[in-house]
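Chemist: First the structure, then my questions, so here it is.
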Amino acid sequence: MRIACLLAANLPLAAVLRAQPELAGLPLAIVSSGGPRAQVIAISSEAARAGVRPSFSVVHNRSICPALRVRMASPALERTACETLLDVARTFSPRVAAAPRCSGVYAAEAAVYLDASGVGSLFRSEEGFAAALTRRACSTGIPAVASVTSSRGVSLLAARCIARGLPQQVQDAQSAAERCRAGTVLVLAPGEEATFLDPLPVDLLDPEDVLAEALTRFGIRRVGELTRLPRRSLVTRLGPGVLRLLALANGEKDTVPLPHTAETRVEEGMDLEWPIENLESLSFVLRGLVARLAERLELRGLVCGDLDLELRLSGGGCDTRRVGVSAPHGDPRSLLGVLRLALEHPLPRAPVEAIVLATEGRPARTDQLDLFRPAGPTPSALGRTLAELEALCGSERIGTPLLVDDPHPDAFAQSPFSLPCSALKTAPRPGTAIAALRTLRPPLPAEVRAPRGRPEWIRSAVANGPIVGLAGPWRTTGGWWSPERRFAFDSFDARTEDGNVIRLRFDLVQRVWQVDAIYD
Amino acid sequence: MVDAADAFHAASAAAAGATLERVLWVRAPHVRAALRSVEHLLKARGFPLILLDLVGREGRDAYSSTAWSRLARAAAGAQAALVLLAGRRLAGTSAELALEMQPCRACFVGTPALLEELEVRAVLTRTRSGLCGAAERAASVRLRVLGTAA
């Protein structure tokens, strides 16, 4: 079994740069909290070159580098960055797992394991596979390194080595250095792992503080020195915690295979530096969230379904909204449009402090062409178009008209539009054309004179004058069980002297005359 | 069907032969949304017929002269037929063809009377393809009324 490890060495920095790419290339420091005494937990390479150090305070670092940008670490951004690494890994292997986050010196790193068995047939070599993995991770905005070995522990150590630079002893071992391409990948063949691990500093095993102190006291500085000691004596003197280090140092094989997961729910979130009140600023933040969401869905081969938007408000409140997407698609611009529309009515009742956007990914719809069916829009174009129409008109106003089983003459319904699968069932009818009805929504009030119980004269916005042709009445009633839904109409087809042919009705409940349709 | 008038009647359309599952009904809340919707549908391609219903929305300030020429070009590029319904001519010289439907008579037959047939006169008021003779400019159309009254 071969295991690959994709490691992002500086996750807080990568997470912020992924959300705010305009900060790339600038001296940047990530702090754990607000205020001048905040602890610096990560710095960019530009900041390091300018003399900024994580051990200094923010105020001291700003005095060294006045152009230093300071951003607070965001757990939401880090979580989504980890999930993005998992998504990248899933594009290469179905069996992936996230490594548990460490504390201490390696608290800023995030790693993902992949089952790399058999990748040589796809990528020519494991080096090619690892290089493709790092390139894909970098394209999502997360710089990462990759290693391929026979176990999780050794692949993690190898990746840490690449991230922090190979020790001189390892570089002297020609084969390992040759396999390290551009400082981003390292592949260790089975049997080479012990040789590789031997000269590594024992700190790479990430021992607990007490154990690290004890190892220093005993003069154990290299992994090889640790593995050459008797196991029983080590456990007696240093405690059971050393067993984990020994397992890592010996490159012991994993017995539990990596899980095979197929999650479809994707979530992107962001904690805001300061609360946002207006819609324009909120849209700017949402644009980035939507772009990252669409990118991660694309990595999984999915498109966006209905959106779940959660806004955490100042004062502790929460505003959750579900935004329907009539046809799943992955166009960020259209998704942003429907989100804006959803936020306009009503606006959030308080300034927004954090945003979480999630969706259940759906498979992209494919469509098989049919020679005997009229060409329609492509599924992706249809999804985008429907989203744009929803943003313009509202989701409740777009759809396929339905024949409703409802006696009320004003009843109508729409269903979500989708490309029809069947060919046309009926050919166009030859012969006499059929008159269509134009419904008036809402019905127009009319003044009608009916001295003998039948309308004889009308004044309305669509027809006026004496009624020269009349058919009816037809009584329609329904909803008798509910005072709110009860209706009763006497309907007539009428032609007025000015040539208009209308459908006229008398509302027996409201006792008013209305024009509810025109024969067009 | 881009319906700024919100007047589409599904039952009579189905009775007239429309396959409702192939109809996308867009109930535009105002004229600007209707015109933008038409642009989006033309840009999507794949909709060979688009009906734009502006009956009752012919207010003078709602349209610019460039809107119709832009829509006409987009329809030509998408190889789609864009049919505009309105109470008066709106598209001007951008229209390939303009028909005025004039009501003629309505036939009430039987006892009790039923509205059975409508006769309208279709008058060709504009065609880009060329002049046609006086006899070809108008035609009477008989429309049968199916039992769609409530």
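By convention here, the chains of the structure tokens are called A, B, ... in the order presented, each chain's residues are numbered starting at 1, and ligands are numbered starting at 1 in the order presented.
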Pick out the chain A residues within 8 Å of chain B. Count only C-alpha atoms. Give them as number ranges by chain.

Modeler: A: 375-378, 381-382, 385, 388-389, 392-393, 397-403, 407-409, 412, 417, 419-420, 424, 428-429, 432-441, 469-472, 474-476, 491, 493, 495, 499-501, 503

Chemist: Within region 222-410 of chain A, find each residue whose DSSP state, derived from the backbone, is strand (DSSP E or B), and express the selection as a count of residues only.

Modeler: 47

Chemist: List as a list in words the protein and nucleic acid residues near Val185 (chain A), meaning an atom at most 10 Å away when only C-alpha atoms are counted, but skip any in the same chain fewer than 5 places from it.

Modeler: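 The residues satisfying every condition are Cys5, Leu6, Glu126, Glu127, Gly128, Phe129, Ala130, Ala131, Ala132, Leu133, Thr134, Ala144, Val145, Ala146, Ser147, Val148, Ala158, Ala159, Ile162, Ala163, Arg179 and Cys180 of chain A.
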
Chemist: Could those residues be written to a file, using N, CA and C atoms, as an mmCIF file, in the first residue's frame?

Modeler:
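Result written to out.cif:
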data_model
loop_
_atom_site.group_PDB
_atom_site.id
_atom_site.type_symbol
_atom_site.label_atom_id
_atom_site.label_comp_id
_atom_site.auth_asym_id
_atom_site.auth_seq_id
_atom_site.Cartn_x
_atom_site.Cartn_y
_atom_site.Cartn_z
ATOM 1 N N CYS A 5 0.747 12.109 1.202
ATOM 2 C CA CYS A 5 0.366 13.130 2.178
ATOM 3 C C CYS A 5 0.470 14.483 1.510
ATOM 4 N N LEU A 6 -0.638 15.200 1.513
ATOM 5 C CA LEU A 6 -0.667 16.565 0.984
ATOM 6 C C LEU A 6 -0.687 17.502 2.179
ATOM 7 N N GLU A 126 5.187 8.042 -9.461
ATOM 8 C CA GLU A 126 4.629 8.625 -8.248
ATOM 9 C C GLU A 126 5.064 10.083 -8.104
ATOM 10 N N GLU A 127 6.237 10.418 -8.626
ATOM 11 C CA GLU A 127 6.657 11.831 -8.595
ATOM 12 C C GLU A 127 5.698 12.679 -9.410
ATOM 13 N N GLY A 128 5.307 12.195 -10.575
ATOM 14 C CA GLY A 128 4.340 12.927 -11.390
ATOM 15 C C GLY A 128 3.011 13.089 -10.680
ATOM 16 N N PHE A 129 2.592 12.032 -10.017
ATOM 17 C CA PHE A 129 1.343 12.091 -9.256
ATOM 18 C C PHE A 129 1.434 13.144 -8.162
ATOM 19 N N ALA A 130 2.530 13.119 -7.405
ATOM 20 C CA ALA A 130 2.678 14.085 -6.311
ATOM 21 C C ALA A 130 2.771 15.512 -6.855
ATOM 22 N N ALA A 131 3.460 15.693 -7.977
ATOM 23 C CA ALA A 131 3.578 17.037 -8.554
ATOM 24 C C ALA A 131 2.214 17.546 -9.014
ATOM 25 N N ALA A 132 1.414 16.672 -9.624
ATOM 26 C CA ALA A 132 0.068 17.075 -10.053
ATOM 27 C C ALA A 132 -0.790 17.441 -8.848
ATOM 28 N N LEU A 133 -0.601 16.708 -7.768
ATOM 29 C CA LEU A 133 -1.371 16.980 -6.536
ATOM 30 C C LEU A 133 -1.045 18.372 -5.997
ATOM 31 N N THR A 134 0.227 18.705 -5.949
ATOM 32 C CA THR A 134 0.594 20.028 -5.428
ATOM 33 C C THR A 134 0.153 21.140 -6.362
ATOM 34 N N ALA A 144 0.960 23.916 -1.152
ATOM 35 C CA ALA A 144 1.092 22.657 -0.421
ATOM 36 C C ALA A 144 2.248 21.863 -1.002
ATOM 37 N N VAL A 145 2.715 20.901 -0.200
ATOM 38 C CA VAL A 145 3.744 19.966 -0.635
ATOM 39 C C VAL A 145 3.164 18.568 -0.523
ATOM 40 N N ALA A 146 3.798 17.609 -1.210
ATOM 41 C CA ALA A 146 3.254 16.253 -1.221
ATOM 42 C C ALA A 146 4.380 15.248 -1.114
ATOM 43 N N SER A 147 4.085 14.144 -0.445
ATOM 44 C CA SER A 147 5.053 13.057 -0.337
ATOM 45 C C SER A 147 4.311 11.746 -0.529
ATOM 46 N N VAL A 148 5.034 10.714 -0.969
ATOM 47 C CA VAL A 148 4.448 9.383 -1.166
ATOM 48 C C VAL A 148 5.379 8.368 -0.525
ATOM 49 N N ALA A 158 7.891 13.072 5.899
ATOM 50 C CA ALA A 158 8.542 13.481 4.651
ATOM 51 C C ALA A 158 8.002 14.822 4.172
ATOM 52 N N ALA A 159 6.679 14.998 4.279
ATOM 53 C CA ALA A 159 6.083 16.261 3.844
ATOM 54 C C ALA A 159 6.563 17.402 4.735
ATOM 55 N N ILE A 162 9.953 18.480 3.598
ATOM 56 C CA ILE A 162 9.962 19.315 2.390
ATOM 57 C C ILE A 162 9.561 20.740 2.749
ATOM 58 N N ALA A 163 8.530 20.853 3.583
ATOM 59 C CA ALA A 163 8.018 22.179 3.923
ATOM 60 C C ALA A 163 9.061 23.004 4.658
ATOM 61 N N ARG A 179 14.956 12.984 -5.734
ATOM 62 C CA ARG A 179 13.529 12.795 -5.899
ATOM 63 C C ARG A 179 12.728 13.989 -5.372
ATOM 64 N N CYS A 180 13.388 14.966 -4.862
ATOM 65 C CA CYS A 180 12.685 16.147 -4.350
ATOM 66 C C CYS A 180 12.672 17.197 -5.449
#

Chemist: Which of region 270-449 of chain A counts as helix (DSSP H, G or I) under DSSP, as number ranges by chain please?

Modeler: A: 279-299, 332-344, 379-393, 395-397

Chemist: Compile the contact shell of region 226-234 of chain A as a compact mmCIF listing (two decimals) with N, CA and C atoms, in the first residue's frame: residues with an atom at most 10 Å away, counting only C-alpha atoms, same-chain residues fewer than 5 positions apart removed.

Modeler:
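Output below, filename part.txt:
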# COMPACT_ATOMS: atom_id res chain seq x y z
N ALA A 194 13.67 3.91 6.25
CA ALA A 194 14.52 3.90 7.45
C ALA A 194 15.74 4.78 7.23
N LEU A 197 14.65 8.39 7.43
CA LEU A 197 14.27 8.87 8.76
C LEU A 197 15.45 9.00 9.70
N ASP A 198 16.48 8.22 9.47
CA ASP A 198 17.57 8.12 10.45
C ASP A 198 18.14 9.48 10.86
N VAL A 202 14.50 14.71 15.95
CA VAL A 202 13.39 14.03 16.63
C VAL A 202 12.21 14.99 16.81
N LEU A 215 13.60 13.83 26.16
CA LEU A 215 14.49 13.37 25.08
C LEU A 215 15.73 14.25 25.02
N GLY A 219 19.74 13.37 25.64
CA GLY A 219 20.65 13.57 24.51
C GLY A 219 20.18 12.91 23.23
N ILE A 220 18.88 12.62 23.12
CA ILE A 220 18.36 11.97 21.89
C ILE A 220 17.89 13.09 20.98
N ARG A 221 18.65 13.30 19.90
CA ARG A 221 18.31 14.40 19.00
C ARG A 221 17.90 13.93 17.60
N GLY A 239 7.70 6.79 29.42
CA GLY A 239 6.24 6.66 29.45
C GLY A 239 5.68 6.12 28.14
N PRO A 240 4.40 5.77 28.16
CA PRO A 240 3.79 5.16 26.96
C PRO A 240 3.69 6.12 25.80
N GLY A 241 3.82 7.42 26.05
CA GLY A 241 3.72 8.39 24.95
C GLY A 241 4.79 8.21 23.90
N VAL A 242 5.89 7.58 24.30
CA VAL A 242 6.99 7.40 23.34
C VAL A 242 6.65 6.34 22.30
N LEU A 243 5.66 5.50 22.57
CA LEU A 243 5.30 4.45 21.61
C LEU A 243 4.83 5.06 20.29
N LEU A 245 5.81 7.88 19.04
CA LEU A 245 6.99 8.36 18.33
C LEU A 245 7.74 7.21 17.69
N LEU A 246 7.80 6.08 18.39
CA LEU A 246 8.50 4.93 17.84
C LEU A 246 7.78 4.39 16.61
N ALA A 247 6.45 4.38 16.70
CA ALA A 247 5.69 3.90 15.54
C ALA A 247 5.96 4.80 14.33
N LEU A 248 5.99 6.11 14.56
CA LEU A 248 6.29 7.04 13.47
C LEU A 248 7.72 6.84 12.98
N ALA A 249 8.64 6.74 13.95
CA ALA A 249 10.05 6.68 13.58
C ALA A 249 10.38 5.40 12.82
N ASN A 250 9.69 4.30 13.17
CA ASN A 250 9.96 3.02 12.51
C ASN A 250 9.17 2.89 11.21

Chemist: Could you give me, as a PyMOL selection string, the residues within 10 Å of Leu35 (chain B), counting only C-alpha atoms and dropping anything in the same chain fewer than 6 positions from it?

Modeler: chain B and resi 2+4+28+41+52+54+63+67-68+71

Chemist: Which residues come within 9 Å of region 286-301 of chain A, counting only C-alpha atoms, excluding same-chain residues fewer than 3 positions away, as a VMD selection string?

Modeler: chain A and resid 18 to 20 83 to 84 87 to 88 90 to 91 140 264 266 to 270 281 to 283 304 330 to 333 335 to 336 339 to 340 355 to 359 361 to 364

Chemist: Could you tell me which of B:Ala81, B:Val31, B:Ser64, B:Gly92 comes closest to Ile50 (chain B) if we count only C-alpha atoms?

Modeler: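 Of B:Ala81, B:Val31, B:Ser64, B:Gly92, the one nearest Ile50 (chain B) is B:Ala81, counting only C-alpha atoms.
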
Chemist: Find, counting only C-alpha atoms, the residue in B:Arg128, B:Ser94, B:Gly59, B:Glu100 that gets nearest to Ala75 (chain B).

Modeler: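 The closest residue to Ala75 (chain B) is B:Ser94.
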
Chemist: Measuring between only C-alpha atoms, which one of A:Gly324, A:Arg152, A:Val515, A:Glu46 shows the shortest distance to Ala98 (chain A)?

Modeler: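 Of all the options, A:Arg152 lies closest to Ala98 (chain A).
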
Chemist: For CA of Asp209 (chain A) and CA of Asn10 (chain A), determine how far apart the two atoms are, in Å to one decimal place.

Modeler: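 We find that CA of Asp209 (chain A) and CA of Asn10 (chain A) lie 21.2 Å from each other.
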
Chemist: Please, what distance in Å, to one decimal, runs between CA of His329 (chain A) and CA of Ala76 (chain A)?

Modeler: 24.9 Å
